[in-house]
Amino acid sequence: MDLYEYQARELFEEHGIVVPRAEVADSPRQAREIARRLGGRAVVKAQVKTGGRGKAGGVRLAADPAAAEITARQILGTDIKGHRVRKVMVAEPVDVEREFYVSYVLDRAAGGFLAIASAEGGTEIEETAALRPQAVARVPVDPARGVTAAKAAEITDAAGLPARTTDVLVRLWRVLTREDALLVEVNPLVTTTDGRILALDGKITLDDNARFRRTRRGAEPEEHQDPLEAAAAARGLAYVRLDGEVGVIGNGAGLVMSTLDAVAGSGARPADFLDIGGGASARVMADGLSVILSDPAVKSVLVNVFGGITACDTVAEGIVAALDGVRLTKPLIVRLDGNNAAQGRAILAARAHPLVEQAATMDGAARRAAELARTA
Ligand code: GDP
Ligand code: MN
């Protein structure tokens with residue numbers, strides 16, 4: 001889960017990284033009040049989970065509280081790179097001397113973390129890395145050793161950062177490890193004309209697998225960009241939306257993965273990944289089908305089930321019951337194998353729904369689903 005800048009700012013502050021004074025507003029009036037509290041001048045910043053807000057007009061300086069109100073009115077409700085602005089952060093402006101870039105990011109291939117740092121901060125790091133790769137230092141970090149003062153010095157030396165920024169690097173590592181983050185980024189980290197070092201902008205991606213450990217932020221509402229994923233999550237389904245045309249339902253992540261491959265091997269693309277898990281009840285099947293059928297991109301649906309503890313006849317009954325509750329509008333290819341497969345197939349055959357077809361093998365089912373998606 002990505003955090004908003006104002007949430008990242010709070011975590012930085014908790015771990016002793018200096019940040020500008022700031023508060024969040026969801027109305028222009030409130031922005032004015034905050035600017036007044038901050039002393040008049042303020043930076044008004046759109047809170048959206050995307051970078052490059054500055055270039056998109058989402059970061060603006062206001063000379064006084066009245067200007068902050070006007071600026072907030074201009075920014076709130078607008079769209080930045082597909083993200084609606086619902087909140088602004090109103091921050092104390094600082095006099096920037098130099099801008100730097102620092103981050104730690106999980107490096108899955110290396111089985112560790114990577115420190116990325118640059119003395120040319122402010123702009124997006126991908127841009128700097130593309131234009132001037134020598135300006136971006138990459139230093140592997142062994143997670144077992146972490147970032148000590150010595151390691152931080154190695155990073156600042158490699159990037160040409162001032163020696164006095166090492167303390168921020170050590171603290172930023174603490175943010176990463178103590179908050180179970182996969183990415184922490186400060187861009188820009190600045191030195192000011194009055195000699196301070198501040199994190200002016202931050203990005204944090206938390207590891208969702210550690211959600212259970214995060215009791216403090218446990219009450220936070222789950223955020224889903226995709227409305228279908230949100231609908232599926234509300235029904236407790238393990239659903240991931242992809243961008244193809246064949247809807248895929250299976251029991252067990254491994255089988256669903258193989259089914260995605262089989263669909264791709266048949267020249268079609270999966271529209272989603274839906275794992276109904278062990279208990280393929282009528283309820284779960286009906287919920288899964290209704291989520292998948294409501295995706296206009298789906299042209300055919302492939303149900304691939306290997307009966308185990310939940311036998312195929314139970315799954316078939318689930319599908320039949322689901323067909324009574326859900327209006328099937330697209331062809332449904334079902335492949336049942338494993339425990340009680342024959343009984344399951346007989347139940348589906350007896351239902352004789354005109355849009356339901358059965359296939360004997362996974363590959364056969366995938367080929368047929370791809371074919372029906374093409375001709376739909
Ligand atoms: P981003 O464009 O989404 O990365 O948003 P940032 O928060 O990084 O803001 C973009 C740029 O605005 C920064 O790189 C700074 O150059 C500038 N900026 C933001 N806040 C201040 C401030 O208080 N003072 C000054 N001088 N510049 C600021
Ligand atoms: Mn930034």
# chains A, B, ... in the order shown; residues from 1 in each chain; ligands from 1
$ closest_atom_pairs --of "range 116-142 of chain A" --to "range 104-108 of chain A" --cutoff "12 Å" --atoms "only C-alpha atoms" --output "CSV"
residue,atom,partner,partner_atom,distance
A:Ile116,CA,A:Tyr104,CA,6.3
A:Ala117,CA,A:Tyr104,CA,8.8
A:Ala137,CA,A:Tyr104,CA,11.7
A:Arg138,CA,A:Tyr104,CA,9.7
A:Val139,CA,A:Tyr104,CA,9.4
A:Pro140,CA,A:Asp107,CA,8.6
A:Val141,CA,A:Tyr104,CA,8.6
A:Asp142,CA,A:Asp107,CA,10.5
$ residues_around --residues "Val85 in chain A" --least-positions-apart "5" --cutoff "6 Å" --atoms "only C-alpha atoms" --output "JSON, numbers by chain"
{"A": [76, 77, 78]}
$ residues_around --residues "His353 in chain A" --least-positions-apart "2" --cutoff "10 Å" --atoms "only C-alpha atoms" --output "CSV table (one decimal) with all heavy atoms, in the first residue's frame"
chain,number,residue,atom,x,y,z
A,320,VAL,N,-24.4,-24.5,-10.4
A,320,VAL,CA,-25.9,-24.6,-10.8
A,320,VAL,C,-26.7,-23.6,-10.0
A,320,VAL,O,-27.5,-22.8,-10.5
A,320,VAL,CB,-26.4,-26.0,-10.6
A,320,VAL,CG1,-27.9,-26.1,-10.7
A,320,VAL,CG2,-25.8,-27.0,-11.7
A,323,LEU,N,-26.1,-20.1,-11.2
A,323,LEU,CA,-26.8,-19.8,-12.4
A,323,LEU,C,-28.2,-19.4,-12.2
A,323,LEU,O,-28.8,-18.7,-13.0
A,323,LEU,CB,-26.7,-21.1,-13.3
A,323,LEU,CG,-25.4,-21.4,-13.9
A,323,LEU,CD1,-25.4,-22.7,-14.7
A,323,LEU,CD2,-24.9,-20.3,-14.8
A,328,LEU,N,-26.5,-15.2,-16.6
A,328,LEU,CA,-25.3,-15.5,-17.4
A,328,LEU,C,-25.4,-14.9,-18.7
A,328,LEU,O,-26.4,-15.1,-19.4
A,328,LEU,CB,-25.1,-17.0,-17.5
A,328,LEU,CG,-23.7,-17.5,-18.0
A,328,LEU,CD1,-22.6,-17.1,-17.1
A,328,LEU,CD2,-23.7,-19.0,-18.2
A,331,PRO,N,-20.4,-16.9,-22.5
A,331,PRO,CA,-20.2,-18.3,-22.4
A,331,PRO,C,-19.3,-18.7,-21.2
A,331,PRO,O,-18.4,-18.0,-20.9
A,331,PRO,CB,-19.5,-18.7,-23.7
A,331,PRO,CG,-19.1,-17.4,-24.4
A,331,PRO,CD,-20.0,-16.3,-23.7
A,332,LEU,N,-19.7,-19.8,-20.6
A,332,LEU,CA,-18.9,-20.3,-19.4
A,332,LEU,C,-18.4,-21.7,-19.8
A,332,LEU,O,-19.2,-22.6,-20.1
A,332,LEU,CB,-19.9,-20.4,-18.3
A,332,LEU,CG,-19.4,-20.8,-16.9
A,332,LEU,CD1,-18.6,-19.6,-16.3
A,332,LEU,CD2,-20.6,-21.1,-15.9
A,348,LEU,N,-23.8,-30.8,-14.0
A,348,LEU,CA,-23.8,-29.7,-14.9
A,348,LEU,C,-24.5,-30.0,-16.2
A,348,LEU,O,-25.3,-29.2,-16.8
A,348,LEU,CB,-22.4,-29.3,-15.3
A,348,LEU,CG,-21.7,-28.4,-14.2
A,348,LEU,CD1,-20.3,-28.0,-14.8
A,348,LEU,CD2,-22.5,-27.1,-14.0
A,349,ALA,N,-24.3,-31.3,-16.7
A,349,ALA,CA,-25.0,-31.7,-17.9
A,349,ALA,C,-26.5,-31.7,-17.7
A,349,ALA,O,-27.2,-31.3,-18.6
A,349,ALA,CB,-24.5,-33.1,-18.3
A,350,ALA,N,-27.0,-32.1,-16.6
A,350,ALA,CA,-28.4,-32.2,-16.3
A,350,ALA,C,-29.0,-30.7,-16.3
A,350,ALA,O,-30.2,-30.6,-16.7
A,350,ALA,CB,-28.7,-32.9,-15.0
A,351,ARG,N,-28.2,-29.8,-15.9
A,351,ARG,CA,-28.7,-28.4,-15.8
A,351,ARG,C,-28.9,-27.8,-17.3
A,351,ARG,O,-29.8,-27.0,-17.5
A,351,ARG,CB,-27.8,-27.5,-15.0
A,351,ARG,CG,-28.1,-26.0,-15.0
A,351,ARG,CD,-29.4,-25.8,-14.3
A,351,ARG,NE,-29.7,-24.3,-14.1
A,351,ARG,CZ,-30.1,-23.5,-15.0
A,351,ARG,NH1,-30.3,-24.0,-16.2
A,351,ARG,NH2,-30.3,-22.2,-14.7
A,355,LEU,N,-25.5,-21.6,-22.3
A,355,LEU,CA,-24.2,-20.9,-22.4
A,355,LEU,C,-23.1,-21.6,-21.6
A,355,LEU,O,-22.0,-21.2,-21.6
A,355,LEU,CB,-24.4,-19.5,-21.8
A,355,LEU,CG,-25.0,-18.4,-22.7
A,355,LEU,CD1,-25.3,-17.1,-22.0
A,355,LEU,CD2,-24.1,-18.2,-24.0
A,356,VAL,N,-23.4,-22.8,-21.0
A,356,VAL,CA,-22.4,-23.5,-20.3
A,356,VAL,C,-21.9,-24.7,-21.1
A,356,VAL,O,-22.7,-25.5,-21.6
A,356,VAL,CB,-23.0,-24.0,-18.9
A,356,VAL,CG1,-21.9,-24.8,-18.2
A,356,VAL,CG2,-23.4,-22.8,-18.1
A,357,GLU,N,-20.6,-24.8,-21.2
A,357,GLU,CA,-20.0,-25.9,-21.9
A,357,GLU,C,-19.0,-26.6,-21.0
A,357,GLU,O,-18.4,-25.9,-20.1
A,357,GLU,CB,-19.2,-25.4,-23.1
A,357,GLU,CG,-20.0,-25.3,-24.4
A,357,GLU,CD,-19.0,-24.8,-25.5
A,357,GLU,OE1,-17.9,-25.3,-25.6
A,357,GLU,OE2,-19.5,-24.0,-26.3
$ residues_around --residues "Asp287 in chain A" --least-positions-apart "6" --cutoff "9 Å" --atoms "only C-alpha atoms" --output "PDB file with all heavy atoms, in the first residue's frame"
ATOM      1  N   ALA A 232     -14.893  -7.178  -5.152  1.00  0.00           N
ATOM      2  CA  ALA A 232     -14.460  -8.531  -4.827  1.00  0.00           C
ATOM      3  C   ALA A 232     -13.934  -8.594  -3.393  1.00  0.00           C
ATOM      4  O   ALA A 232     -14.252  -9.530  -2.651  1.00  0.00           O
ATOM      5  CB  ALA A 232     -13.383  -8.985  -5.813  1.00  0.00           C
ATOM      6  N   ARG A 235     -16.495  -8.849  -0.828  1.00  0.00           N
ATOM      7  CA  ARG A 235     -17.080 -10.185  -0.693  1.00  0.00           C
ATOM      8  C   ARG A 235     -16.051 -11.212  -0.239  1.00  0.00           C
ATOM      9  O   ARG A 235     -16.315 -12.405  -0.249  1.00  0.00           O
ATOM     10  CB  ARG A 235     -17.645 -10.636  -2.034  1.00  0.00           C
ATOM     11  CG  ARG A 235     -18.834  -9.798  -2.494  1.00  0.00           C
ATOM     12  CD  ARG A 235     -19.099 -10.104  -3.952  1.00  0.00           C
ATOM     13  NE  ARG A 235     -20.455  -9.811  -4.333  1.00  0.00           N
ATOM     14  CZ  ARG A 235     -20.775  -9.014  -5.339  1.00  0.00           C
ATOM     15  NH1 ARG A 235     -19.827  -8.429  -6.034  1.00  0.00           N
ATOM     16  NH2 ARG A 235     -22.036  -8.799  -5.659  1.00  0.00           N
ATOM     17  N   LEU A 237     -13.225 -12.102  -1.689  1.00  0.00           N
ATOM     18  CA  LEU A 237     -12.667 -12.924  -2.763  1.00  0.00           C
ATOM     19  C   LEU A 237     -11.237 -12.500  -3.103  1.00  0.00           C
ATOM     20  O   LEU A 237     -10.926 -11.311  -3.090  1.00  0.00           O
ATOM     21  CB  LEU A 237     -13.519 -12.796  -4.031  1.00  0.00           C
ATOM     22  CG  LEU A 237     -14.950 -13.321  -3.948  1.00  0.00           C
ATOM     23  CD1 LEU A 237     -15.715 -12.935  -5.212  1.00  0.00           C
ATOM     24  CD2 LEU A 237     -14.959 -14.835  -3.777  1.00  0.00           C
ATOM     25  N   ALA A 322     -25.489 -20.927  -8.567  1.00  0.00           N
ATOM     26  CA  ALA A 322     -25.095 -19.583  -8.991  1.00  0.00           C
ATOM     27  C   ALA A 322     -25.842 -19.183 -10.251  1.00  0.00           C
ATOM     28  O   ALA A 322     -26.240 -18.022 -10.413  1.00  0.00           O
ATOM     29  CB  ALA A 322     -23.585 -19.534  -9.234  1.00  0.00           C
ATOM     30  N   VAL A 326     -27.497 -15.569 -10.803  1.00  0.00           N
ATOM     31  CA  VAL A 326     -26.759 -14.634 -11.658  1.00  0.00           C
ATOM     32  C   VAL A 326     -27.219 -14.815 -13.095  1.00  0.00           C
ATOM     33  O   VAL A 326     -27.333 -15.942 -13.570  1.00  0.00           O
ATOM     34  CB  VAL A 326     -25.233 -14.924 -11.575  1.00  0.00           C
ATOM     35  CG1 VAL A 326     -24.452 -14.011 -12.506  1.00  0.00           C
ATOM     36  CG2 VAL A 326     -24.736 -14.789 -10.151  1.00  0.00           C
TER      37      VAL A 326
END
$ residues_around --residues "Val334 in chain A" --least-positions-apart "3" --cutoff "8 Å" --atoms "only C-alpha atoms" --output "PyMOL selection string"
chain A and resi 302-305+356-359+365
$ closest_residue --among "A:Val94, A:Ala62, A:Val263, A:Leu189" --to "ligand 1" --atoms "only C-alpha atoms and all ligand atoms"
A:Val94
$ closest_residue --among "A:Thr192, A:Ser281, A:Gln7, A:Gln47" --to "Pro93 in chain A" --atoms "only C-alpha atoms"
A:Thr192
$ decode --residues "range 138-149 of chain A" --atoms "N, CA, C and O atoms" --output "CSV table (one decimal), in the first residue's frame"
chain,number,residue,atom,x,y,z
A,138,ARG,N,24.0,3.8,-6.7
A,138,ARG,CA,23.2,2.7,-6.2
A,138,ARG,C,24.1,1.8,-5.3
A,138,ARG,O,25.1,1.3,-5.8
A,139,VAL,N,23.7,1.7,-4.0
A,139,VAL,CA,24.6,1.0,-3.1
A,139,VAL,C,23.7,-0.1,-2.5
A,139,VAL,O,22.7,0.1,-1.8
A,140,PRO,N,24.1,-1.4,-2.7
A,140,PRO,CA,23.4,-2.5,-2.1
A,140,PRO,C,23.4,-2.4,-0.5
A,140,PRO,O,24.5,-2.1,0.0
A,141,VAL,N,22.3,-2.7,0.1
A,141,VAL,CA,22.3,-2.8,1.6
A,141,VAL,C,21.9,-4.2,2.0
A,141,VAL,O,20.8,-4.7,1.6
A,142,ASP,N,22.7,-4.8,2.8
A,142,ASP,CA,22.5,-6.1,3.4
A,142,ASP,C,21.4,-5.9,4.5
A,142,ASP,O,21.7,-5.2,5.5
A,143,PRO,N,20.2,-6.5,4.4
A,143,PRO,CA,19.2,-6.2,5.4
A,143,PRO,C,19.6,-6.7,6.8
A,143,PRO,O,19.1,-6.1,7.8
A,144,ALA,N,20.5,-7.7,6.9
A,144,ALA,CA,20.9,-8.2,8.2
A,144,ALA,C,21.8,-7.2,8.9
A,144,ALA,O,21.8,-7.1,10.1
A,145,ARG,N,22.6,-6.4,8.1
A,145,ARG,CA,23.5,-5.4,8.7
A,145,ARG,C,22.8,-4.0,8.8
A,145,ARG,O,23.1,-3.3,9.7
A,146,GLY,N,21.9,-3.7,7.8
A,146,GLY,CA,21.2,-2.5,7.9
A,146,GLY,C,22.1,-1.3,7.6
A,146,GLY,O,23.2,-1.4,7.1
A,147,VAL,N,21.6,-0.1,7.8
A,147,VAL,CA,22.3,1.1,7.5
A,147,VAL,C,22.9,1.7,8.8
A,147,VAL,O,22.1,2.4,9.6
A,148,THR,N,24.1,1.5,9.1
A,148,THR,CA,24.8,2.1,10.2
A,148,THR,C,25.4,3.4,9.8
A,148,THR,O,25.3,3.8,8.6
A,149,ALA,N,26.0,4.2,10.7
A,149,ALA,CA,26.6,5.5,10.4
A,149,ALA,C,27.6,5.3,9.3
A,149,ALA,O,27.7,6.1,8.3
